[in-house]
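Raw work.cif, mmCIF, C-alpha atoms:
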data_run
#
loop_
_atom_site.label_atom_id
_atom_site.label_comp_id
_atom_site.auth_asym_id
_atom_site.auth_seq_id
_atom_site.Cartn_x
_atom_site.Cartn_y
_atom_site.Cartn_z
CA MET A 1 13.75 18.08 7.27
CA ALA A 2 17.25 18.45 5.81
CA LYS A 3 16.79 22.16 5.10
CA ALA A 4 14.86 22.88 8.29
CA LEU A 5 17.20 21.12 10.74
CA PHE A 6 20.53 20.40 9.02
CA ASN A 7 21.03 23.46 6.78
CA GLY A 8 20.75 21.34 3.65
CA ASP A 9 20.90 22.63 0.09
CA ASP A 10 18.80 21.76 -2.98
CA LEU A 11 19.16 18.24 -4.34
CA PHE A 12 19.55 19.46 -7.90
CA THR A 13 21.45 22.66 -8.59
CA SER A 14 24.10 23.98 -10.94
CA ARG A 15 26.52 24.32 -8.05
CA PRO A 16 29.13 21.57 -7.52
CA MET A 17 28.41 18.85 -5.00
CA ASN A 18 29.06 20.27 -1.53
CA ARG A 19 28.50 19.45 2.11
CA GLN A 20 25.00 20.91 2.25
CA ARG A 21 23.83 18.95 -0.79
CA ILE A 22 25.23 15.72 0.65
CA VAL A 23 23.29 16.44 3.84
CA THR A 24 20.06 16.77 1.85
CA TRP A 25 20.75 13.68 -0.27
CA SER A 26 21.54 11.64 2.85
CA THR A 27 18.37 12.82 4.58
CA MET A 28 16.26 12.00 1.53
CA LEU A 29 17.79 8.56 1.05
CA GLY A 30 17.43 7.76 4.74
CA ALA A 31 13.79 8.87 4.73
CA ILE A 32 12.85 6.61 1.82
CA PHE A 33 15.07 3.68 2.82
CA PRO A 34 12.47 1.89 5.00
CA ASP A 35 10.18 1.46 1.98
CA SER A 36 12.93 -0.40 0.14
CA ASP A 37 11.14 -3.51 1.43
CA VAL A 38 8.70 -3.13 -1.49
CA LEU A 39 11.45 -4.41 -3.79
CA ARG A 40 10.86 -7.90 -2.43
CA GLU A 41 7.13 -7.52 -3.06
CA LEU A 42 7.77 -6.47 -6.66
CA LEU A 43 9.96 -9.53 -7.25
CA SER A 44 7.61 -11.99 -5.54
CA HIS A 45 4.24 -13.50 -6.42
CA ASP A 46 3.25 -13.73 -2.74
CA ASP A 47 0.27 -11.41 -2.28
CA LEU A 48 0.55 -11.65 1.51
CA LEU A 49 3.91 -9.89 1.68
CA ILE A 50 1.98 -6.61 2.02
CA ILE A 51 0.94 -7.74 5.52
CA SER A 52 3.71 -10.14 6.51
CA TRP A 53 6.78 -8.31 5.20
CA HIS A 54 5.98 -4.66 4.45
CA ARG A 55 6.81 -2.32 7.35
CA SER A 56 8.85 -4.95 9.15
CA ILE A 57 12.67 -5.20 9.34
CA THR A 58 13.39 -1.97 7.47
CA HIS A 59 10.92 -0.18 9.76
CA SER A 60 12.39 -1.63 12.94
CA LEU A 61 13.61 0.58 15.76
CA ILE A 62 15.82 -2.33 16.80
CA CYS A 63 17.56 -2.43 13.41
CA LEU A 64 17.62 1.34 12.90
CA PRO A 65 21.17 1.86 14.31
CA VAL A 66 22.54 -0.87 12.02
CA PHE A 67 20.94 0.62 8.91
CA ALA A 68 22.12 4.12 9.85
CA LEU A 69 25.70 2.91 10.27
CA LEU A 70 25.67 0.97 6.98
CA LEU A 71 24.21 3.86 4.98
CA ALA A 72 26.65 6.31 6.58
CA ALA A 73 29.57 4.00 5.76
CA LEU A 74 28.42 3.72 2.14
CA THR A 75 27.99 7.50 1.82
CA HIS A 76 31.37 8.12 3.48
CA TRP A 77 33.06 5.76 1.03
CA VAL A 78 31.37 7.37 -2.02
CA THR A 79 32.27 10.91 -0.94
CA ARG A 80 35.91 9.95 -0.34
CA TRP A 81 36.04 8.21 -3.72
CA ARG A 82 34.58 11.27 -5.48
CA LYS A 83 36.62 13.64 -3.29
CA TRP A 84 33.53 15.58 -2.18
CA HIS A 85 33.54 17.65 0.98
CA ALA A 86 31.14 15.78 3.25
CA PRO A 87 30.06 15.61 6.91
CA SER A 88 31.99 13.30 9.19
CA PHE A 89 31.01 9.66 9.55
CA ALA A 90 29.43 10.36 12.94
CA VAL A 91 27.35 13.25 11.56
CA LEU A 92 26.24 11.14 8.60
CA THR A 93 25.18 8.37 10.97
CA GLY A 94 23.10 10.84 12.97
CA ILE A 95 21.48 12.24 9.82
CA TYR A 96 20.54 8.78 8.55
CA ALA A 97 19.22 7.77 11.97
CA ALA A 98 17.01 10.89 12.17
CA ALA A 99 15.73 10.40 8.61
CA ILE A 100 14.89 6.71 9.10
CA LEU A 101 13.25 7.49 12.43
CA SER A 102 11.08 10.17 10.80
CA HIS A 103 9.78 7.62 8.29
CA ILE A 104 9.06 5.04 10.98
CA LEU A 105 7.19 7.54 13.14
CA LEU A 106 5.13 8.83 10.21
CA ASP A 107 4.12 5.23 9.46
CA LEU A 108 3.43 4.53 13.11
CA VAL A 109 0.88 7.36 13.37
CA THR A 110 -1.35 5.67 10.76
CA SER A 111 -3.70 2.71 11.31
CA PHE A 112 -1.91 0.18 9.08
CA GLY A 113 0.50 -0.97 11.76
CA THR A 114 4.31 -1.00 11.77
CA MET A 115 6.52 -3.81 13.11
CA VAL A 116 8.83 -1.48 15.00
CA TRP A 117 10.08 -4.23 17.35
CA SER A 118 10.93 -6.80 14.67
CA PRO A 119 12.68 -9.20 14.72
CA LEU A 120 12.27 -9.47 18.50
CA GLN A 121 8.50 -9.18 18.35
CA TRP A 122 6.33 -9.55 15.25
CA SER A 123 3.49 -7.25 16.20
CA ARG A 124 2.04 -4.19 14.44
CA PRO A 125 1.63 -1.20 16.79
CA ALA A 126 -0.48 1.61 15.32
CA TRP A 127 -1.22 4.99 16.88
CA ASP A 128 -4.30 5.71 14.73
CA LEU A 129 -3.64 9.46 14.46
CA ILE A 130 -3.85 10.24 10.74
CA PHE A 131 -5.29 8.46 7.70
CA ILE A 132 -2.88 6.39 5.60
CA VAL A 133 -3.16 8.94 2.77
CA ASP A 134 -3.73 12.30 4.47
CA PHE A 135 -3.84 15.02 1.81
CA THR A 136 -3.85 17.80 4.41
CA PHE A 137 -0.70 16.53 6.10
CA THR A 138 0.96 15.96 2.71
CA GLY A 139 0.10 19.52 1.72
CA ILE A 140 1.58 20.88 4.93
CA LEU A 141 4.88 19.17 4.13
CA LEU A 142 4.89 19.98 0.42
CA LEU A 143 3.60 23.56 0.31
CA PRO A 144 6.51 25.26 2.18
CA GLN A 145 9.06 23.67 -0.16
CA VAL A 146 7.19 24.96 -3.20
CA LEU A 147 6.84 28.40 -1.61
CA ALA A 148 10.58 28.52 -0.96
CA TRP A 149 11.24 27.73 -4.61
CA VAL A 150 8.74 30.39 -5.72
CA GLN A 151 10.14 33.15 -3.53
CA GLU A 152 13.88 32.51 -3.74
CA ARG A 153 14.15 34.40 -7.04
CA PRO A 154 12.15 37.67 -6.93
CA GLU A 155 12.46 38.22 -10.70
CA THR A 156 10.46 35.01 -11.43
CA ALA A 157 8.34 34.92 -8.28
CA ARG A 158 5.16 36.33 -9.82
CA ARG A 159 5.08 33.92 -12.72
CA HIS A 160 5.93 30.92 -10.55
CA ALA A 161 3.43 31.90 -7.83
CA ILE A 162 0.50 32.18 -10.25
CA ALA A 163 1.40 28.87 -11.94
CA CYS A 164 1.79 27.02 -8.63
CA PHE A 165 -1.44 28.48 -7.25
CA ALA A 166 -3.29 27.23 -10.34
CA ILE A 167 -1.76 23.75 -10.01
CA PHE A 168 -2.56 23.47 -6.30
CA ALA A 169 -6.09 24.80 -6.83
CA LEU A 170 -6.68 22.23 -9.56
CA ALA A 171 -5.31 19.51 -7.25
CA ILE A 172 -7.84 20.49 -4.58
CA PHE A 173 -10.74 20.07 -7.02
CA VAL A 174 -9.34 16.71 -8.18
CA ILE A 175 -9.02 15.55 -4.56
CA GLN A 176 -12.61 16.67 -3.92
CA ARG A 177 -13.83 14.52 -6.82
CA ILE A 178 -11.81 11.54 -5.60
CA ALA A 179 -13.11 11.98 -2.06
CA ASP A 180 -16.71 12.11 -3.32
CA ALA A 181 -16.16 8.94 -5.35
CA VAL A 182 -14.90 6.95 -2.34
CA GLY A 183 -17.59 8.17 0.04
CA ALA A 184 -15.61 10.78 1.99
CA PRO A 185 -16.99 14.05 0.59
CA ILE A 186 -15.26 17.40 1.07
CA SER A 187 -17.66 20.30 1.48
CA SER A 188 -17.61 23.33 -0.82
CA ALA A 189 -16.91 25.50 2.22
CA SER A 190 -13.75 23.49 2.95
CA VAL A 191 -12.63 23.79 -0.66
CA LEU A 192 -13.14 27.56 -0.54
CA LEU A 193 -11.16 27.76 2.71
CA PHE A 194 -8.26 25.84 1.19
CA LEU A 195 -8.29 28.09 -1.88
CA LEU A 196 -8.17 31.21 0.28
CA ILE A 197 -5.23 29.78 2.25
CA LEU A 198 -3.38 29.00 -0.98
CA ALA A 199 -4.08 32.48 -2.32
CA GLY A 200 -2.76 33.99 0.88
CA PHE A 201 0.48 32.02 0.71
CA PHE A 202 1.14 32.32 -3.02
CA LEU A 203 -0.29 35.68 -4.07
CA LEU A 204 -0.07 38.03 -1.08
CA PRO A 205 3.73 37.97 -0.59
CA LEU A 206 4.55 38.72 -4.24
CA PRO A 207 7.64 40.95 -4.49
CA THR A 208 7.35 44.61 -5.50
CA ASN A 209 9.21 46.06 -8.46
CA GLU A 210 11.58 47.79 -6.07
CA LYS A 211 12.48 44.50 -4.38
CA ILE A 212 13.04 42.83 -7.76
CA GLN A 213 15.42 45.61 -8.87
CA ARG A 214 17.28 45.56 -5.57
CA SER A 215 17.76 41.80 -5.86
CA GLN A 216 19.06 42.06 -9.42
CA HIS A 217 21.71 44.61 -8.43
CA SER A 218 22.98 42.68 -5.38
CA ASP A 219 26.10 40.52 -5.59
CA LEU A 220 25.90 36.75 -6.07
CA GLY A 221 26.98 36.00 -2.52
CA ALA A 222 24.14 38.06 -1.09
CA GLN A 223 21.67 36.41 -3.43
CA ASP A 224 22.77 32.91 -2.39
CA LEU A 225 22.55 33.83 1.28
CA ALA A 226 19.05 35.26 0.81
CA ARG A 227 17.88 32.13 -0.99
CA THR A 228 19.34 29.90 1.71
CA ASN A 229 17.54 31.87 4.40
CA ILE A 230 14.25 31.71 2.48
CA ARG A 231 14.52 27.93 2.11
CA ARG A 232 15.41 27.44 5.75
CA ARG A 233 12.60 29.66 7.08
CA TRP A 234 9.91 28.08 4.91
CA ASN A 235 11.02 24.53 5.71
CA GLN A 236 11.19 25.29 9.41
CA PHE A 237 7.70 26.75 9.16
CA GLY A 238 6.48 23.60 7.39
CA LEU A 239 8.08 21.31 9.97
CA ALA A 240 6.52 23.31 12.81
CA CYS A 241 3.08 23.16 11.14
CA ALA A 242 3.43 19.40 10.61
CA CYS A 243 4.26 18.90 14.30
CA LEU A 244 1.30 21.11 15.26
CA TYR A 245 -0.98 19.07 12.99
CA LEU A 246 0.16 15.83 14.65
CA GLY A 247 -0.41 17.42 18.06
CA LEU A 248 -3.96 18.32 17.07
CA ALA A 249 -4.41 14.76 15.78
CA VAL A 250 -3.43 13.44 19.23
CA LEU A 251 -6.10 15.61 20.87
CA ALA A 252 -8.71 14.65 18.25
CA HIS A 253 -7.92 10.95 18.67
CA HIS A 254 -8.28 11.22 22.44
CA SER A 255 -11.69 12.86 22.01
CA ALA A 256 -12.84 10.31 19.43
CA LEU A 257 -11.66 7.35 21.51
CA SER A 258 -13.51 8.75 24.53
CA ARG A 259 -16.70 8.83 22.46
CA VAL A 260 -16.19 5.23 21.34
CA LYS A 261 -15.76 4.08 24.94
CA LYS A 262 -18.95 5.88 25.99
CA PHE A 263 -20.79 4.40 23.01
CA ALA A 264 -19.69 0.87 24.00
CA ALA A 265 -20.66 1.47 27.64
CA MET A 266 -24.04 2.94 26.68
CA GLN A 267 -24.89 -0.04 24.47
CA LYS A 268 -23.52 -2.44 27.13
CA PHE A 269 -21.28 -4.22 24.65
CA ASP A 270 -18.94 -6.91 25.91
CA ALA A 271 -16.06 -5.31 24.04
CA GLN A 272 -13.03 -7.42 23.21
CA SER A 273 -11.25 -4.44 21.66
CA LEU A 274 -12.14 -0.96 20.48
CA GLY A 275 -10.52 1.87 18.60
CA ALA A 276 -10.96 5.28 17.02
CA LEU A 277 -9.49 5.43 13.53
CA PRO A 278 -9.01 8.56 11.40
CA MET A 279 -11.20 9.04 8.35
CA PRO A 280 -10.55 11.33 5.38
CA PRO A 281 -10.60 14.17 4.66
CA SER A 282 -10.07 15.99 8.00
CA LEU A 283 -9.20 15.65 11.66
CA TRP A 284 -12.90 15.99 12.52
CA ARG A 285 -13.95 12.66 10.96
CA TRP A 286 -13.33 9.42 12.86
CA ASP A 287 -14.44 5.83 12.64
CA GLY A 288 -15.25 4.13 15.95
CA LEU A 289 -14.97 0.34 16.04
CA VAL A 290 -15.98 -2.06 18.81
CA GLN A 291 -15.09 -5.76 18.50
CA THR A 292 -17.42 -8.22 20.25
CA ALA A 293 -17.93 -11.98 20.04
CA ARG A 294 -20.98 -11.40 17.82
CA GLY A 295 -19.23 -9.08 15.38
CA VAL A 296 -17.98 -5.52 14.94
CA TYR A 297 -19.96 -2.36 15.66
CA GLU A 298 -19.04 0.80 13.76
CA VAL A 299 -20.03 4.36 14.56
CA ARG A 300 -18.94 7.30 12.39
CA MET A 301 -18.15 10.52 14.25
CA ASP A 302 -17.77 14.18 13.38
CA LEU A 303 -15.94 15.96 16.19
CA SER A 304 -17.22 19.33 14.96
CA GLN A 305 -20.67 18.25 16.12
CA LYS A 306 -21.85 17.78 19.68
CA SER A 307 -21.34 14.28 20.99
CA PRO A 308 -24.65 12.40 21.33
CA PHE A 309 -23.02 10.18 23.93
CA GLU A 310 -22.28 13.16 26.16
CA ALA A 311 -25.87 14.32 25.82
CA LEU A 312 -27.31 10.95 26.76
CA SER A 313 -24.90 10.32 29.60
CA GLY A 314 -25.91 13.64 31.13
CA THR A 315 -29.63 12.91 30.93
CA PRO A 316 -31.29 11.72 34.15
CA SER A 317 -32.61 8.17 33.94
CA SER A 318 -36.17 9.34 34.69
CA GLU A 319 -36.10 11.61 31.62
CA ARG A 320 -34.72 8.81 29.49
CA LEU A 321 -37.68 6.63 30.43
CA THR A 322 -40.57 9.06 30.61
CA GLY A 323 -39.81 12.43 29.11
CA ASN A 324 -38.27 14.38 26.28
CA GLN A 325 -37.60 11.35 24.13
CA HIS A 326 -37.82 13.49 20.99
CA GLU A 327 -34.91 15.63 22.17
CA ARG A 328 -32.47 12.75 22.24
CA PRO A 329 -29.85 13.02 19.49
CA ALA A 330 -29.93 10.13 17.05
CA ILE A 331 -27.11 7.60 17.23
CA GLU A 332 -26.46 5.79 13.95
CA TYR A 333 -24.17 2.80 13.85
CA ARG A 334 -23.56 -0.26 11.71
CA PHE A 335 -23.21 -3.85 12.82
CA TYR A 336 -21.11 -6.36 10.92
CA PRO A 337 -22.08 -9.81 12.26
CA GLU A 338 -19.65 -12.69 12.57
CA ALA A 339 -20.77 -15.69 10.52
CA SER A 340 -21.95 -18.74 12.43
CA PRO A 341 -19.23 -21.42 12.60
CA ASN A 342 -19.31 -24.24 10.04
CA VAL A 343 -16.91 -26.75 8.54
CA TYR A 344 -15.89 -24.43 5.69
CA ILE A 345 -15.03 -21.53 8.00
CA GLU A 346 -13.06 -23.84 10.25
CA ALA A 347 -11.23 -25.30 7.25
CA ALA A 348 -10.41 -21.81 5.99
CA LYS A 349 -9.01 -20.78 9.36
CA GLU A 350 -6.63 -23.74 9.25
CA LEU A 351 -4.99 -22.46 6.07
CA PRO A 352 -1.55 -20.84 6.67
CA GLN A 353 -2.48 -17.88 4.45
CA VAL A 354 -5.65 -17.17 6.41
CA GLN A 355 -3.76 -17.41 9.69
CA LYS A 356 -1.45 -14.65 8.43
CA VAL A 357 -4.49 -12.56 7.52
CA LEU A 358 -6.07 -13.07 10.94
CA TRP A 359 -2.77 -12.15 12.61
CA PHE A 360 -2.80 -8.88 10.67
CA ASP A 361 -6.49 -8.07 11.24
CA ARG A 362 -7.41 -5.89 14.23
CA PHE A 363 -11.20 -5.89 13.79
CA PRO A 364 -11.86 -9.09 11.81
CA VAL A 365 -15.26 -10.13 10.51
CA THR A 366 -15.91 -13.51 8.87
CA ARG A 367 -18.57 -13.86 6.18
CA TYR A 368 -19.95 -17.00 4.56
CA HIS A 369 -22.24 -17.57 1.59
CA GLN A 370 -22.82 -19.97 -1.29
CA GLU A 371 -22.55 -19.32 -5.01
CA GLY A 372 -23.68 -22.00 -7.46
CA GLY A 373 -22.69 -24.91 -5.27
CA GLU A 374 -19.43 -23.29 -4.13
CA HIS A 375 -18.86 -22.25 -0.52
CA ILE A 376 -17.31 -18.79 -0.07
CA VAL A 377 -15.57 -17.66 3.11
CA GLU A 378 -14.36 -14.07 3.41
CA PHE A 379 -12.27 -12.39 6.10
CA SER A 380 -12.39 -8.59 6.32
CA ASP A 381 -10.69 -6.12 8.63
CA MET A 382 -13.18 -3.37 9.42
CA ARG A 383 -10.46 -0.81 10.14
CA PHE A 384 -10.28 -0.52 6.35
CA PRO A 385 -13.79 0.77 5.68
CA ARG A 386 -15.83 0.33 2.58
CA MET A 387 -15.09 3.52 0.62
CA GLY A 388 -18.09 4.02 -1.61
CA ARG A 389 -21.27 2.08 -2.17
CA GLY A 390 -21.04 -1.41 -3.58
CA ARG A 391 -17.32 -1.70 -2.82
CA THR A 392 -15.78 -4.58 -0.93
CA PRO A 393 -13.75 -3.44 2.09
CA SER A 394 -10.03 -3.26 1.43
CA PHE A 395 -7.92 -6.19 2.64
CA THR A 396 -10.72 -8.74 2.27
CA TYR A 397 -9.36 -12.27 1.83
CA ARG A 398 -11.58 -14.83 0.08
CA VAL A 399 -11.42 -18.63 0.09
CA ARG A 400 -13.58 -20.68 -2.29
CA PHE A 401 -14.43 -24.32 -1.55
CA ASP A 402 -16.25 -26.94 -3.58
CA ALA A 403 -18.97 -29.05 -1.99
CA SER A 404 -16.41 -31.62 -0.76
CA GLY A 405 -14.39 -28.97 1.08
CA LYS A 406 -11.53 -28.75 -1.43
CA VAL A 407 -9.99 -25.29 -1.83
CA LEU A 408 -10.62 -24.01 -5.35
CA ASP A 409 -8.80 -20.70 -4.99
CA GLN A 410 -7.91 -18.06 -2.43
CA GLY A 411 -6.56 -14.53 -2.37
CA TRP A 412 -7.35 -10.86 -1.87
CA VAL A 413 -10.61 -9.61 -3.31
CA LYS A 414 -9.66 -7.16 -6.04
#

Take the structure I supplied and represent it as structure tokens, if you would.
Amino acid sequence: MAKALFNGDDLFTSRPMNRQRIVTWSTMLGAIFPDSDVLRELLSHDDLLIISWHRSITHSLICLPVFALLLAALTHWVTRWRKWHAPSFAVLTGIYAAAILSHILLDLVTSFGTMVWSPLQWSRPAWDLIFIVDFTFTGILLLPQVLAWVQERPETARRHAIACFAIFALAIFVIQRIADAVGAPISSASVLLFLLILAGFFLLPLPTNEKIQRSQHSDLGAQDLARTNIRRRWNQFGLACACLYLGLAVLAHHSALSRVKKFAAMQKFDAQSLGALPMPPSLWRWDGLVQTARGVYEVRMDLSQKSPFEALSGTPSSERLTGNQHERPAIEYRFYPEASPNVYIEAAKELPQVQKVLWFDRFPVTRYHQEGGEHIVEFSDMRFPRMGRGRTPSFTYRVRFDASGKVLDQGWVK
């Protein structure tokens, strides 16, 4: 963002500290500042800070102006002390505000939830547009910066391009293996498409011998200007692609949410809440969730395929009852039932820790079973799906009781 919007320079360079480098350093520090809240988690033994503290005050739109002013004041003081040429205090404040805002918005578009109105309101809005770890979106942001580094020096561009292509290609195969292991497979066709895109970006624009010689004979000022322009163009291209990707995610989410609503209406669920959450590895895969009093219904969707809900809603009722039953597209969904109330579940829900968990959960499901005379109560949030067979859903909180109702232990299921 610093190079695309604020004419920033490289963070690390042989050149002395200058205005453009301070712009980039300020943008980088502002962009990572909201996650400074993890320092408290590292110093604490409270496992619930991940839901009660993370993405709260430091991610607040209410507190954003205060943080921007404080960081700008600190940067202004350091630059005056070191006698570096730096942007004005007002410009620094604007840079920090934009950087912090970019982090907050990129957290807000995920499904985890971000307390953007804290401390006035302790809620977790979530836009459900991209998965928490979206490799495609990360690649869109990272690739242009690598390409700028590859192409800024024509004399080393070939060697750097081949090396970077090999590294990115290897990363794609590693990601494919990881995705297969967690139950979100990436097809071979998709891998081939990604490899062709990488080859196009890294290998096609390799400089000719004539361009290399011309660059070597140009003066240093012209070389610096050319490199600055390359960095700016590639970073602007990356920022534009990232915005386009988010725009496509908005359209995909709208389509997926429409399918979930039609699914709930078709099944005549008494829905308390519903949502369409992104699934890895692409914008086509979505997880539809419908919360009812009986439990949570889940339907997985692939937007590249025709919606079965559209097909059924367009079928006359007479055909649904008497004809062409074999032509109906199959609808597969899972049901996660809510455990019947008992004294152990009620006792668990009275615990302060469990109340925090239930405040965080958007699609909670309670489970109960016995193990060797112990009574086990588990609370899971179905927006964090089970990734892989035999795995417990992420963010599952377990409470163990003895026969008398005494709590033996409690905590996240590892």

TODO: Just give me the gap between atom CA of Gln370 of chain A and atom CA of Glu346 of chain A in Å, one decimal is fine.
DONE: 15.6 Å

Would you kindly return, as a CSV table (one decimal) with C-alpha atoms, keeping the file's coordinate frame, each protein, DNA or RNA residue with an atom no farther than 8 Å from any atom of segment 373-388 of chain A, considering all atoms listed in the file and excluding same-chain residues fewer than 6 positions away?
chain,number,residue,atom,x,y,z
A,111,SER,CA,-3.7,2.7,11.3
A,181,ALA,CA,-16.2,8.9,-5.4
A,182,VAL,CA,-14.9,7.0,-2.3
A,183,GLY,CA,-17.6,8.2,0.0
A,184,ALA,CA,-15.6,10.8,2.0
A,277,LEU,CA,-9.5,5.4,13.5
A,289,LEU,CA,-15.0,0.3,16.0
A,296,VAL,CA,-18.0,-5.5,14.9
A,344,TYR,CA,-15.9,-24.4,5.7
A,345,ILE,CA,-15.0,-21.5,8.0
A,348,ALA,CA,-10.4,-21.8,6.0
A,357,VAL,CA,-4.5,-12.6,7.5
A,358,LEU,CA,-6.1,-13.1,10.9
A,361,ASP,CA,-6.5,-8.1,11.2
A,362,ARG,CA,-7.4,-5.9,14.2
A,363,PHE,CA,-11.2,-5.9,13.8
A,364,PRO,CA,-11.9,-9.1,11.8
A,365,VAL,CA,-15.3,-10.1,10.5
A,366,THR,CA,-15.9,-13.5,8.9
A,367,ARG,CA,-18.6,-13.9,6.2
A,394,SER,CA,-10.0,-3.3,1.4
A,395,PHE,CA,-7.9,-6.2,2.6
A,396,THR,CA,-10.7,-8.7,2.3
A,397,TYR,CA,-9.4,-12.3,1.8
A,398,ARG,CA,-11.6,-14.8,0.1
A,399,VAL,CA,-11.4,-18.6,0.1
A,400,ARG,CA,-13.6,-20.7,-2.3
A,401,PHE,CA,-14.4,-24.3,-1.6
A,402,ASP,CA,-16.2,-26.9,-3.6
A,403,ALA,CA,-19.0,-29.0,-2.0

Contacts of Cys63 of chain A at 9 Å or less, counting all atoms listed in the file, minus same-chain residues fewer than 5 places along, as an mmCIF file with C-alpha atoms, keeping the file's coordinate frame?
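This went into around_28.cif:
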data_model
loop_
_atom_site.group_PDB
_atom_site.id
_atom_site.type_symbol
_atom_site.label_atom_id
_atom_site.label_comp_id
_atom_site.auth_asym_id
_atom_site.auth_seq_id
_atom_site.Cartn_x
_atom_site.Cartn_y
_atom_site.Cartn_z
ATOM 1 C CA ILE A 57 12.670 -5.200 9.340
ATOM 2 C CA THR A 58 13.390 -1.970 7.470
ATOM 3 C CA ALA A 68 22.120 4.120 9.850
ATOM 4 C CA VAL A 116 8.830 -1.480 15.000
ATOM 5 C CA TRP A 117 10.080 -4.230 17.350
ATOM 6 C CA SER A 118 10.930 -6.800 14.670
ATOM 7 C CA PRO A 119 12.680 -9.200 14.720
#

Task: Explicit residue set for the PyMOL selection byres ((chain A and resi 191) around 12), as a count of residues only - done: 27

Open item on the list: Counting only C-alpha atoms, which residue out of A:Arg158, A:Thr392, A:Ala73, A:Val23 sits closest to Val413 of chain A?
Closed with: A:Thr392

Open item on the list: Here is a test: counting all atoms listed in the file, which residue of A:Asp134, A:Asp128, A:Asp47, A:Asp287 is nearest to Val260 of chain A?
Closed with: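 Checking each of A:Asp134, A:Asp128, A:Asp47, A:Asp287 against Val260 of chain A, counting all atoms listed in the file, the winner is A:Asp287.
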
- [ ] Enter the distance from atom CA of Leu64 of chain A to atom CA of Ile100 of chain A, in Å, rounded to one decimal.
- [x]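 One can read the atom CA of Leu64 of chain A to atom CA of Ile100 of chain A distance as 7.1 Å.
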
Task: Atom-to-atom span, atom CA of Pro65 of chain A and atom CA of Leu29 of chain A, Å - done: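 Computing it gives 15.2 Å between the two atoms.
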
Task: Nearest to Leu106 of chain A by atom-to-atom distance, counting only C-alpha atoms, from A:Ala264, A:Ile130, A:Ala199, A:Val146 - done: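 Of A:Ala264, A:Ile130, A:Ala199, A:Val146, the one nearest Leu106 of chain A is A:Ile130, counting only C-alpha atoms.
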